[in-house]
Amino acid sequence: MIELEGVPELIDPVMVAAFEGWNDAGDAASTAVGHIDREFKGEVFAALDAEDYYDFQVNRPTVWMEGGVRRITWPTTRLSVVRVQSPKPRDLVIVRGIEPSMRWRSFCNEILGFAHELGVEMVVVLGALLGDTPHTRPVPVTAVTSDAELATALNLEESRYEGPTGIVGILQEACTHAGIPAVSLWAAVPHYVSQPPNPKATLALLNRLEDLLDLRIPQGELPEDARAWQVGVDQLAAEDSEVAEYVQTLEEARDTADLPEASGEAIAKEFERYLRRREPGDYATSEGTDGVPHFRTPRGAEAGDDEKPSSPSEDEDDGDTPDESE
C-alpha cells in the first residue's frame with residue numbers, strides 16, 4: 001500500500017525519471033535528474049524496497065561511517081518532489097535510481113502507483129545512448145513517445161523501435177497501457193569518449209526538458225563544465241591523429257545531414273533560451289570541471305560489441321544503443 005503522508009498537494013505534477021545502467025551512457029540522464037533534485041533541494045518521500053528488485057551481487061550495497069557508526073546504503077530507486085517556480089509554479093516528481101535486476105513489471109507498477117496517487121499528468125523518462133556523433137557538435141536529443149495522439153500534440157517522434165529494451169522502454173510502455181502520457185528524451189553520447197561524466201549531454205537533456213515542459217532549471221556549473229569537457233576532448237584528439245581524422249569524418253557526416261539542430265525552429269528555440277538566461281536575476285554559472293575524458297577505440301577499430309553504437313538514426317539495428325525510445 002502506498003502512503004504519501006507529508007507530501008503536499010502538487011501543482012500540475014510531472015514525473016521525471018532516469019536510471020543508472022544500460023540506458024544511461026556517460027551517466028548523462030541520471031546526472032540530469034540528480035542536478036534537478038540538487039538545485040531545487042528535493043525531499044525524498046519514498047524509496048522502493050531494494051530486496052524486491054535488485055541483485056546485490058550486481059549492484060552491491062555500500063558501507064560508510066557516520067559519527068563512528070557504520071551505515072549501509074542499499075541500491076534502490078527513490079522518489080522526491082521539487083517545485084519549479086519559473087515561469088510559473090509546477091511540481092516535478094523526481095524518480096532517481098538504478099535499473100532493476102528483476103521483476104520489472106512489478107517495479108513499473110509500483111512507480112505508476114505513486115504517479116496515480118500524486119495525480120501525475122505526464123511521465124518523462126530521460127536516457128542516453130552511445131552514438132556516432134562528434135563531440136564538437138550540439139548533442140542530438142530525440143523526444144519520442146508510443147502514443148500517436150501525444151506525438152501529434154507535442155510534435156514528437158512516434159517510436160518504431162524493435163529490439164532489446166531497458167527499463168526506460170518498459171516504463172514508457174507501462175505508462176501508455178495505464179493511460180498516462182509518457183515521453184522519452186534520448187541524448188546521443190560520442191561512443192569514442194563514452195566514460196562519465198558527460199556534462200554536455202546532461203545539459204542538452206535539461207534544455208530539451210525545459211522546452212518540453214515550459215519551465216526553467218538553474219544550470220549551475222554545467223555550462224562551464226560542458227565547455228571544459230569539450231576543450232579536454234579537443235586536446236586529446238589533437239594528440240591522436242587517428243582519432244582526429246575519425247572525428248573529422250563524423251563532423252562532415254553531421255554537417256551534411258539534415259538534422260533538427262540545423263533547422264530554423266531549433267535555432268529560434270536556442271535564441272529564446274539565451275534570452276531567458278539573460279533576464280534579471282538569472283542563474284549565474286561558476287567555474288568547475290568534472291572528470292577527465294578519455295578516448296575509446298573508434299568504431300570499427302577493435303571495439304567490442306558494447307563499444308560499437310549506432311547513430312541515433314540507425315539505432316533500430318543495434319541492441320547496444322538502447323534507443324528503444326519507448
# chains A, B, ... in the order shown; residues from 1 in each chain; ligands from 1

$ closest_atom_pairs --of "region 46-89 of chain A" --to "region 10-16 of chain A" --cutoff "10 Å" --atoms "only C-alpha atoms" --output "Markdown table"
| residue | atom | partner | partner_atom | distance |
| --- | --- | --- | --- | --- |
| A:Leu79 | CA | A:Met15 | CA | 9.5 |
| A:Ser80 | CA | A:Met15 | CA | 9.8 |
| A:Val81 | CA | A:Leu10 | CA | 8.8 |
| A:Val82 | CA | A:Leu10 | CA | 9.6 |
| A:Arg83 | CA | A:Ile11 | CA | 8.4 |
| A:Val84 | CA | A:Ile11 | CA | 9.8 |
| A:Lys88 | CA | A:Ile11 | CA | 10.0 |
| A:Pro89 | CA | A:Ile11 | CA | 7.0 |

$ write_last_selection --atoms "N, CA and C atoms" --output "PDB file, in the first residue's frame"
ATOM      1  N   LEU A  79      12.105   8.449  -4.675  1.00  0.00           N
ATOM      2  CA  LEU A  79      11.229   9.473  -5.240  1.00  0.00           C
ATOM      3  C   LEU A  79      11.277  10.715  -4.366  1.00  0.00           C
ATOM      4  N   SER A  80      11.354  11.858  -5.018  1.00  0.00           N
ATOM      5  CA  SER A  80      11.334  13.138  -4.311  1.00  0.00           C
ATOM      6  C   SER A  80      10.483  14.122  -5.097  1.00  0.00           C
ATOM      7  N   VAL A  81      10.136  15.220  -4.459  1.00  0.00           N
ATOM      8  CA  VAL A  81       9.323  16.262  -5.100  1.00  0.00           C
ATOM      9  C   VAL A  81      10.069  17.580  -5.039  1.00  0.00           C
ATOM     10  N   VAL A  82      10.072  18.295  -6.158  1.00  0.00           N
ATOM     11  CA  VAL A  82      10.644  19.639  -6.199  1.00  0.00           C
ATOM     12  C   VAL A  82       9.631  20.566  -6.849  1.00  0.00           C
ATOM     13  N   ARG A  83       9.680  21.820  -6.475  1.00  0.00           N
ATOM     14  CA  ARG A  83       8.775  22.816  -7.066  1.00  0.00           C
ATOM     15  C   ARG A  83       9.578  23.806  -7.899  1.00  0.00           C
ATOM     16  N   VAL A  84       9.236  23.881  -9.167  1.00  0.00           N
ATOM     17  CA  VAL A  84       9.852  24.839 -10.085  1.00  0.00           C
ATOM     18  C   VAL A  84       8.977  26.088 -10.100  1.00  0.00           C
ATOM     19  N   LYS A  88       6.117  29.624 -14.185  1.00  0.00           N
ATOM     20  CA  LYS A  88       5.007  29.546 -13.245  1.00  0.00           C
ATOM     21  C   LYS A  88       5.220  28.316 -12.379  1.00  0.00           C
ATOM     22  N   PRO A  89       4.645  28.296 -11.179  1.00  0.00           N
ATOM     23  CA  PRO A  89       4.870  27.163 -10.275  1.00  0.00           C
ATOM     24  C   PRO A  89       4.407  25.839 -10.872  1.00  0.00           C
TER      25      PRO A  89
END

$ select_by_dssp --residues "region 47-275 of chain A" --states "strand (DSSP E)" --output "PDB file with N, CA, C and O atoms, in the first residue's frame"
ATOM      1  N   ALA A  47      10.995   5.336  -1.061  1.00  0.00           N
ATOM      2  CA  ALA A  47      12.050   4.522  -1.657  1.00  0.00           C
ATOM      3  C   ALA A  47      11.508   3.111  -1.832  1.00  0.00           C
ATOM      4  O   ALA A  47      10.824   2.582  -0.948  1.00  0.00           O
ATOM      5  N   THR A  62      26.743  -0.234  -0.216  1.00  0.00           N
ATOM      6  CA  THR A  62      27.990   0.393   0.215  1.00  0.00           C
ATOM      7  C   THR A  62      27.937   0.659   1.719  1.00  0.00           C
ATOM      8  O   THR A  62      26.867   0.916   2.279  1.00  0.00           O
ATOM      9  N   VAL A  63      29.091   0.572   2.341  1.00  0.00           N
ATOM     10  CA  VAL A  63      29.217   0.804   3.785  1.00  0.00           C
ATOM     11  C   VAL A  63      29.946   2.124   3.998  1.00  0.00           C
ATOM     12  O   VAL A  63      30.918   2.430   3.301  1.00  0.00           O
ATOM     13  N   TRP A  64      29.470   2.931   4.934  1.00  0.00           N
ATOM     14  CA  TRP A  64      30.110   4.202   5.231  1.00  0.00           C
ATOM     15  C   TRP A  64      29.986   4.492   6.722  1.00  0.00           C
ATOM     16  O   TRP A  64      29.231   3.842   7.436  1.00  0.00           O
ATOM     17  N   MET A  65      30.767   5.446   7.185  1.00  0.00           N
ATOM     18  CA  MET A  65      30.801   5.789   8.608  1.00  0.00           C
ATOM     19  C   MET A  65      30.112   7.125   8.858  1.00  0.00           C
ATOM     20  O   MET A  65      30.286   8.081   8.101  1.00  0.00           O
ATOM     21  N   GLU A  66      29.320   7.169   9.917  1.00  0.00           N
ATOM     22  CA  GLU A  66      28.666   8.397  10.331  1.00  0.00           C
ATOM     23  C   GLU A  66      28.806   8.522  11.845  1.00  0.00           C
ATOM     24  O   GLU A  66      28.178   7.783  12.606  1.00  0.00           O
ATOM     25  N   VAL A  69      29.711   5.386  13.551  1.00  0.00           N
ATOM     26  CA  VAL A  69      28.761   4.284  13.393  1.00  0.00           C
ATOM     27  C   VAL A  69      28.725   3.860  11.930  1.00  0.00           C
ATOM     28  O   VAL A  69      28.609   4.695  11.028  1.00  0.00           O
ATOM     29  N   ARG A  70      28.833   2.560  11.696  1.00  0.00           N
ATOM     30  CA  ARG A  70      28.795   2.051  10.326  1.00  0.00           C
ATOM     31  C   ARG A  70      27.366   2.053   9.799  1.00  0.00           C
ATOM     32  O   ARG A  70      26.438   1.583  10.456  1.00  0.00           O
ATOM     33  N   ARG A  71      27.203   2.596   8.584  1.00  0.00           N
ATOM     34  CA  ARG A  71      25.904   2.638   7.935  1.00  0.00           C
ATOM     35  C   ARG A  71      25.978   1.907   6.598  1.00  0.00           C
ATOM     36  O   ARG A  71      27.045   1.778   6.015  1.00  0.00           O
ATOM     37  N   ILE A  72      24.837   1.461   6.126  1.00  0.00           N
ATOM     38  CA  ILE A  72      24.769   0.784   4.827  1.00  0.00           C
ATOM     39  C   ILE A  72      23.763   1.513   3.939  1.00  0.00           C
ATOM     40  O   ILE A  72      22.647   1.818   4.365  1.00  0.00           O
ATOM     41  N   THR A  73      24.174   1.790   2.713  1.00  0.00           N
ATOM     42  CA  THR A  73      23.275   2.351   1.707  1.00  0.00           C
ATOM     43  C   THR A  73      22.969   1.261   0.690  1.00  0.00           C
ATOM     44  O   THR A  73      23.877   0.717   0.054  1.00  0.00           O
ATOM     45  N   ARG A  78      14.574   5.994  -5.548  1.00  0.00           N
ATOM     46  CA  ARG A  78      13.962   6.927  -4.606  1.00  0.00           C
ATOM     47  C   ARG A  78      13.125   7.962  -5.340  1.00  0.00           C
ATOM     48  O   ARG A  78      13.436   8.316  -6.476  1.00  0.00           O
ATOM     49  N   LEU A  79      12.105   8.449  -4.675  1.00  0.00           N
ATOM     50  CA  LEU A  79      11.229   9.473  -5.240  1.00  0.00           C
ATOM     51  C   LEU A  79      11.277  10.715  -4.366  1.00  0.00           C
ATOM     52  O   LEU A  79      11.247  10.626  -3.131  1.00  0.00           O
ATOM     53  N   SER A  80      11.354  11.858  -5.018  1.00  0.00           N
ATOM     54  CA  SER A  80      11.334  13.138  -4.311  1.00  0.00           C
ATOM     55  C   SER A  80      10.483  14.122  -5.097  1.00  0.00           C
ATOM     56  O   SER A  80      10.134  13.878  -6.258  1.00  0.00           O
ATOM     57  N   VAL A  81      10.136  15.220  -4.459  1.00  0.00           N
ATOM     58  CA  VAL A  81       9.323  16.262  -5.100  1.00  0.00           C
ATOM     59  C   VAL A  81      10.069  17.580  -5.039  1.00  0.00           C
ATOM     60  O   VAL A  81      10.632  17.933  -3.996  1.00  0.00           O
ATOM     61  N   VAL A  82      10.072  18.295  -6.158  1.00  0.00           N
ATOM     62  CA  VAL A  82      10.644  19.639  -6.199  1.00  0.00           C
ATOM     63  C   VAL A  82       9.631  20.566  -6.849  1.00  0.00           C
ATOM     64  O   VAL A  82       8.823  20.140  -7.681  1.00  0.00           O
ATOM     65  N   ARG A  83       9.680  21.820  -6.475  1.00  0.00           N
ATOM     66  CA  ARG A  83       8.775  22.816  -7.066  1.00  0.00           C
ATOM     67  C   ARG A  83       9.578  23.806  -7.899  1.00  0.00           C
ATOM     68  O   ARG A  83      10.479  24.473  -7.401  1.00  0.00           O
ATOM     69  N   VAL A  84       9.236  23.881  -9.167  1.00  0.00           N
ATOM     70  CA  VAL A  84       9.852  24.839 -10.085  1.00  0.00           C
ATOM     71  C   VAL A  84       8.977  26.088 -10.100  1.00  0.00           C
ATOM     72  O   VAL A  84       7.757  25.993 -10.277  1.00  0.00           O
ATOM     73  N   ARG A  90       5.261  24.836 -10.721  1.00  0.00           N
ATOM     74  CA  ARG A  90       4.927  23.484 -11.172  1.00  0.00           C
ATOM     75  C   ARG A  90       5.782  22.501 -10.406  1.00  0.00           C
ATOM     76  O   ARG A  90       6.950  22.758 -10.130  1.00  0.00           O
ATOM     77  N   ASP A  91       5.199  21.356 -10.060  1.00  0.00           N
ATOM     78  CA  ASP A  91       5.925  20.351  -9.290  1.00  0.00           C
ATOM     79  C   ASP A  91       6.446  19.238 -10.190  1.00  0.00           C
ATOM     80  O   ASP A  91       5.760  18.795 -11.125  1.00  0.00           O
ATOM     81  N   LEU A  92       7.658  18.802  -9.883  1.00  0.00           N
ATOM     82  CA  LEU A  92       8.253  17.654 -10.552  1.00  0.00           C
ATOM     83  C   LEU A  92       8.452  16.540  -9.534  1.00  0.00           C
ATOM     84  O   LEU A  92       9.012  16.771  -8.465  1.00  0.00           O
ATOM     85  N   VAL A  93       7.972  15.365  -9.860  1.00  0.00           N
ATOM     86  CA  VAL A  93       8.221  14.181  -9.049  1.00  0.00           C
ATOM     87  C   VAL A  93       9.448  13.493  -9.643  1.00  0.00           C
ATOM     88  O   VAL A  93       9.403  12.982 -10.764  1.00  0.00           O
ATOM     89  N   ILE A  94      10.542  13.520  -8.920  1.00  0.00           N
ATOM     90  CA  ILE A  94      11.808  13.007  -9.425  1.00  0.00           C
ATOM     91  C   ILE A  94      11.960  11.536  -9.030  1.00  0.00           C
ATOM     92  O   ILE A  94      11.887  11.190  -7.844  1.00  0.00           O
ATOM     93  N   VAL A  95      12.158  10.677 -10.019  1.00  0.00           N
ATOM     94  CA  VAL A  95      12.420   9.260  -9.794  1.00  0.00           C
ATOM     95  C   VAL A  95      13.872   9.013 -10.191  1.00  0.00           C
ATOM     96  O   VAL A  95      14.244   9.151 -11.354  1.00  0.00           O
ATOM     97  N   ARG A  96      14.669   8.646  -9.222  1.00  0.00           N
ATOM     98  CA  ARG A  96      16.111   8.502  -9.442  1.00  0.00           C
ATOM     99  C   ARG A  96      16.579   7.180  -8.862  1.00  0.00           C
ATOM    100  O   ARG A  96      16.395   6.919  -7.678  1.00  0.00           O
ATOM    101  N   GLY A  97      17.148   6.330  -9.708  1.00  0.00           N
ATOM    102  CA  GLY A  97      17.563   5.034  -9.196  1.00  0.00           C
ATOM    103  C   GLY A  97      18.462   4.288 -10.149  1.00  0.00           C
ATOM    104  O   GLY A  97      19.079   4.857 -11.049  1.00  0.00           O
ATOM    105  N   ILE A  98      18.524   2.990  -9.955  1.00  0.00           N
ATOM    106  CA  ILE A  98      19.340   2.087 -10.751  1.00  0.00           C
ATOM    107  C   ILE A  98      18.407   1.137 -11.489  1.00  0.00           C
ATOM    108  O   ILE A  98      17.374   0.727 -10.951  1.00  0.00           O
ATOM    109  N   MET A 122       1.944  13.658 -16.588  1.00  0.00           N
ATOM    110  CA  MET A 122       2.798  13.133 -17.644  1.00  0.00           C
ATOM    111  C   MET A 122       4.049  12.537 -17.021  1.00  0.00           C
ATOM    112  O   MET A 122       4.488  12.988 -15.957  1.00  0.00           O
ATOM    113  N   VAL A 123       4.606  11.521 -17.664  1.00  0.00           N
ATOM    114  CA  VAL A 123       5.870  10.939 -17.239  1.00  0.00           C
ATOM    115  C   VAL A 123       6.904  11.200 -18.331  1.00  0.00           C
ATOM    116  O   VAL A 123       6.656  10.920 -19.512  1.00  0.00           O
ATOM    117  N   VAL A 124       8.046  11.746 -17.940  1.00  0.00           N
ATOM    118  CA  VAL A 124       9.151  11.978 -18.865  1.00  0.00           C
ATOM    119  C   VAL A 124      10.337  11.164 -18.365  1.00  0.00           C
ATOM    120  O   VAL A 124      10.786  11.342 -17.231  1.00  0.00           O
ATOM    121  N   VAL A 125      10.818  10.262 -19.203  1.00  0.00           N
ATOM    122  CA  VAL A 125      11.946   9.421 -18.828  1.00  0.00           C
ATOM    123  C   VAL A 125      13.166   9.858 -19.634  1.00  0.00           C
ATOM    124  O   VAL A 125      13.089   9.987 -20.863  1.00  0.00           O
ATOM    125  N   LEU A 126      14.267  10.098 -18.952  1.00  0.00           N
ATOM    126  CA  LEU A 126      15.497  10.529 -19.610  1.00  0.00           C
ATOM    127  C   LEU A 126      16.411   9.329 -19.843  1.00  0.00           C
ATOM    128  O   LEU A 126      16.527   8.452 -18.985  1.00  0.00           O
ATOM    129  N   GLY A 127      17.059   9.325 -20.988  1.00  0.00           N
ATOM    130  CA  GLY A 127      18.005   8.271 -21.309  1.00  0.00           C
ATOM    131  C   GLY A 127      19.154   8.818 -22.129  1.00  0.00           C
ATOM    132  O   GLY A 127      19.097   9.939 -22.632  1.00  0.00           O
ATOM    133  N   ALA A 128      20.206   8.040 -22.256  1.00  0.00           N
ATOM    134  CA  ALA A 128      21.352   8.420 -23.078  1.00  0.00           C
ATOM    135  C   ALA A 128      21.912   7.170 -23.737  1.00  0.00           C
ATOM    136  O   ALA A 128      21.974   6.108 -23.117  1.00  0.00           O
ATOM    137  N   LEU A 129      22.301   7.300 -24.985  1.00  0.00           N
ATOM    138  CA  LEU A 129      22.812   6.181 -25.754  1.00  0.00           C
ATOM    139  C   LEU A 129      24.151   6.546 -26.378  1.00  0.00           C
ATOM    140  O   LEU A 129      24.482   7.723 -26.527  1.00  0.00           O
ATOM    141  N   LEU A 130      24.926   5.523 -26.725  1.00  0.00           N
ATOM    142  CA  LEU A 130      26.171   5.741 -27.440  1.00  0.00           C
ATOM    143  C   LEU A 130      25.872   5.847 -28.932  1.00  0.00           C
ATOM    144  O   LEU A 130      25.112   5.044 -29.476  1.00  0.00           O
ATOM    145  N   GLY A 131      26.462   6.844 -29.588  1.00  0.00           N
ATOM    146  CA  GLY A 131      26.166   7.056 -30.992  1.00  0.00           C
ATOM    147  C   GLY A 131      27.351   7.564 -31.777  1.00  0.00           C
ATOM    148  O   GLY A 131      28.368   7.997 -31.217  1.00  0.00           O
ATOM    149  N   VAL A 141      19.312  15.325 -29.217  1.00  0.00           N
ATOM    150  CA  VAL A 141      18.360  14.819 -28.236  1.00  0.00           C
ATOM    151  C   VAL A 141      17.063  14.510 -28.962  1.00  0.00           C
ATOM    152  O   VAL A 141      16.466  15.391 -29.580  1.00  0.00           O
ATOM    153  N   THR A 142      16.655  13.261 -28.901  1.00  0.00           N
ATOM    154  CA  THR A 142      15.446  12.810 -29.577  1.00  0.00           C
ATOM    155  C   THR A 142      14.330  12.634 -28.556  1.00  0.00           C
ATOM    156  O   THR A 142      14.531  11.996 -27.525  1.00  0.00           O
ATOM    157  N   ALA A 143      13.169  13.215 -28.857  1.00  0.00           N
ATOM    158  CA  ALA A 143      11.998  13.084 -27.988  1.00  0.00           C
ATOM    159  C   ALA A 143      10.996  12.177 -28.680  1.00  0.00           C
ATOM    160  O   ALA A 143      10.553  12.471 -29.798  1.00  0.00           O
ATOM    161  N   VAL A 144      10.654  11.066 -28.036  1.00  0.00           N
ATOM    162  CA  VAL A 144       9.768  10.086 -28.665  1.00  0.00           C
ATOM    163  C   VAL A 144       8.683   9.636 -27.695  1.00  0.00           C
ATOM    164  O   VAL A 144       8.814   9.753 -26.480  1.00  0.00           O
ATOM    165  N   THR A 145       7.619   9.103 -28.274  1.00  0.00           N
ATOM    166  CA  THR A 145       6.515   8.579 -27.491  1.00  0.00           C
ATOM    167  C   THR A 145       5.890   7.408 -28.237  1.00  0.00           C
ATOM    168  O   THR A 145       6.028   7.297 -29.460  1.00  0.00           O
ATOM    169  N   GLU A 157       8.425  12.476 -32.127  1.00  0.00           N
ATOM    170  CA  GLU A 157       8.540  11.296 -32.963  1.00  0.00           C
ATOM    171  C   GLU A 157       7.778  10.145 -32.311  1.00  0.00           C
ATOM    172  O   GLU A 157       7.793   9.991 -31.092  1.00  0.00           O
ATOM    173  N   GLU A 158       7.121   9.344 -33.132  1.00  0.00           N
ATOM    174  CA  GLU A 158       6.460   8.151 -32.613  1.00  0.00           C
ATOM    175  C   GLU A 158       7.419   6.979 -32.734  1.00  0.00           C
ATOM    176  O   GLU A 158       7.990   6.733 -33.801  1.00  0.00           O
ATOM    177  N   ALA A 182       3.358   9.632 -21.783  1.00  0.00           N
ATOM    178  CA  ALA A 182       4.764   9.395 -21.462  1.00  0.00           C
ATOM    179  C   ALA A 182       5.636   9.753 -22.655  1.00  0.00           C
ATOM    180  O   ALA A 182       5.293   9.473 -23.803  1.00  0.00           O
ATOM    181  N   VAL A 183       6.770  10.367 -22.342  1.00  0.00           N
ATOM    182  CA  VAL A 183       7.737  10.784 -23.353  1.00  0.00           C
ATOM    183  C   VAL A 183       9.122  10.342 -22.892  1.00  0.00           C
ATOM    184  O   VAL A 183       9.433  10.394 -21.696  1.00  0.00           O
ATOM    185  N   SER A 184       9.953   9.913 -23.832  1.00  0.00           N
ATOM    186  CA  SER A 184      11.349   9.618 -23.532  1.00  0.00           C
ATOM    187  C   SER A 184      12.233  10.623 -24.256  1.00  0.00           C
ATOM    188  O   SER A 184      12.011  10.904 -25.438  1.00  0.00           O
ATOM    189  N   LEU A 185      13.215  11.152 -23.546  1.00  0.00           N
ATOM    190  CA  LEU A 185      14.209  12.048 -24.132  1.00  0.00           C
ATOM    191  C   LEU A 185      15.545  11.315 -24.153  1.00  0.00           C
ATOM    192  O   LEU A 185      16.041  10.896 -23.103  1.00  0.00           O
ATOM    193  N   TRP A 186      16.128  11.176 -25.340  1.00  0.00           N
ATOM    194  CA  TRP A 186      17.372  10.430 -25.505  1.00  0.00           C
ATOM    195  C   TRP A 186      18.474  11.338 -26.022  1.00  0.00           C
ATOM    196  O   TRP A 186      18.337  11.966 -27.067  1.00  0.00           O
ATOM    197  N   ALA A 187      19.572  11.396 -25.287  1.00  0.00           N
ATOM    198  CA  ALA A 187      20.749  12.145 -25.733  1.00  0.00           C
ATOM    199  C   ALA A 187      21.760  11.163 -26.315  1.00  0.00           C
ATOM    200  O   ALA A 187      21.963  10.066 -25.779  1.00  0.00           O
ATOM    201  N   ALA A 188      22.400  11.555 -27.417  1.00  0.00           N
ATOM    202  CA  ALA A 188      23.429  10.718 -28.039  1.00  0.00           C
ATOM    203  C   ALA A 188      24.802  11.143 -27.527  1.00  0.00           C
ATOM    204  O   ALA A 188      25.185  12.313 -27.617  1.00  0.00           O
ATOM    205  N   VAL A 189      25.543  10.190 -26.989  1.00  0.00           N
ATOM    206  CA  VAL A 189      26.871  10.423 -26.425  1.00  0.00           C
ATOM    207  C   VAL A 189      27.918   9.842 -27.380  1.00  0.00           C
ATOM    208  O   VAL A 189      27.765   8.703 -27.833  1.00  0.00           O
ATOM    209  N   PRO A 190      28.978  10.593 -27.712  1.00  0.00           N
ATOM    210  CA  PRO A 190      30.021  10.045 -28.594  1.00  0.00           C
ATOM    211  C   PRO A 190      30.593   8.753 -28.036  1.00  0.00           C
ATOM    212  O   PRO A 190      31.076   8.725 -26.906  1.00  0.00           O
TER     213      PRO A 190
END

$ select_by_dssp --residues "region 72-291 of chain A" --states "alpha helix (DSSP H)" --output "ChimeraX atom specification"
/A:104-118,148-154,167-178,199-213,222-238,241-256,264-277

$ atom_distance --atom1 "CA of Thr152 (chain A)" --atom2 "CA of Ile180 (chain A)"
15.8 Å

$ atom_distance --atom1 "CA of Gly67 (chain A)" --atom2 "CA of Ile36 (chain A)"
29.0 Å

$ residues_around --residues "Ala153 (chain A)" --least-positions-apart "6" --cutoff "12 Å" --atoms "only C-alpha atoms" --output "count of residues only"
4

$ atom_distance --atom1 "CA of Phe40 (chain A)" --atom2 "CA of Pro8 (chain A)"
15.6 Å
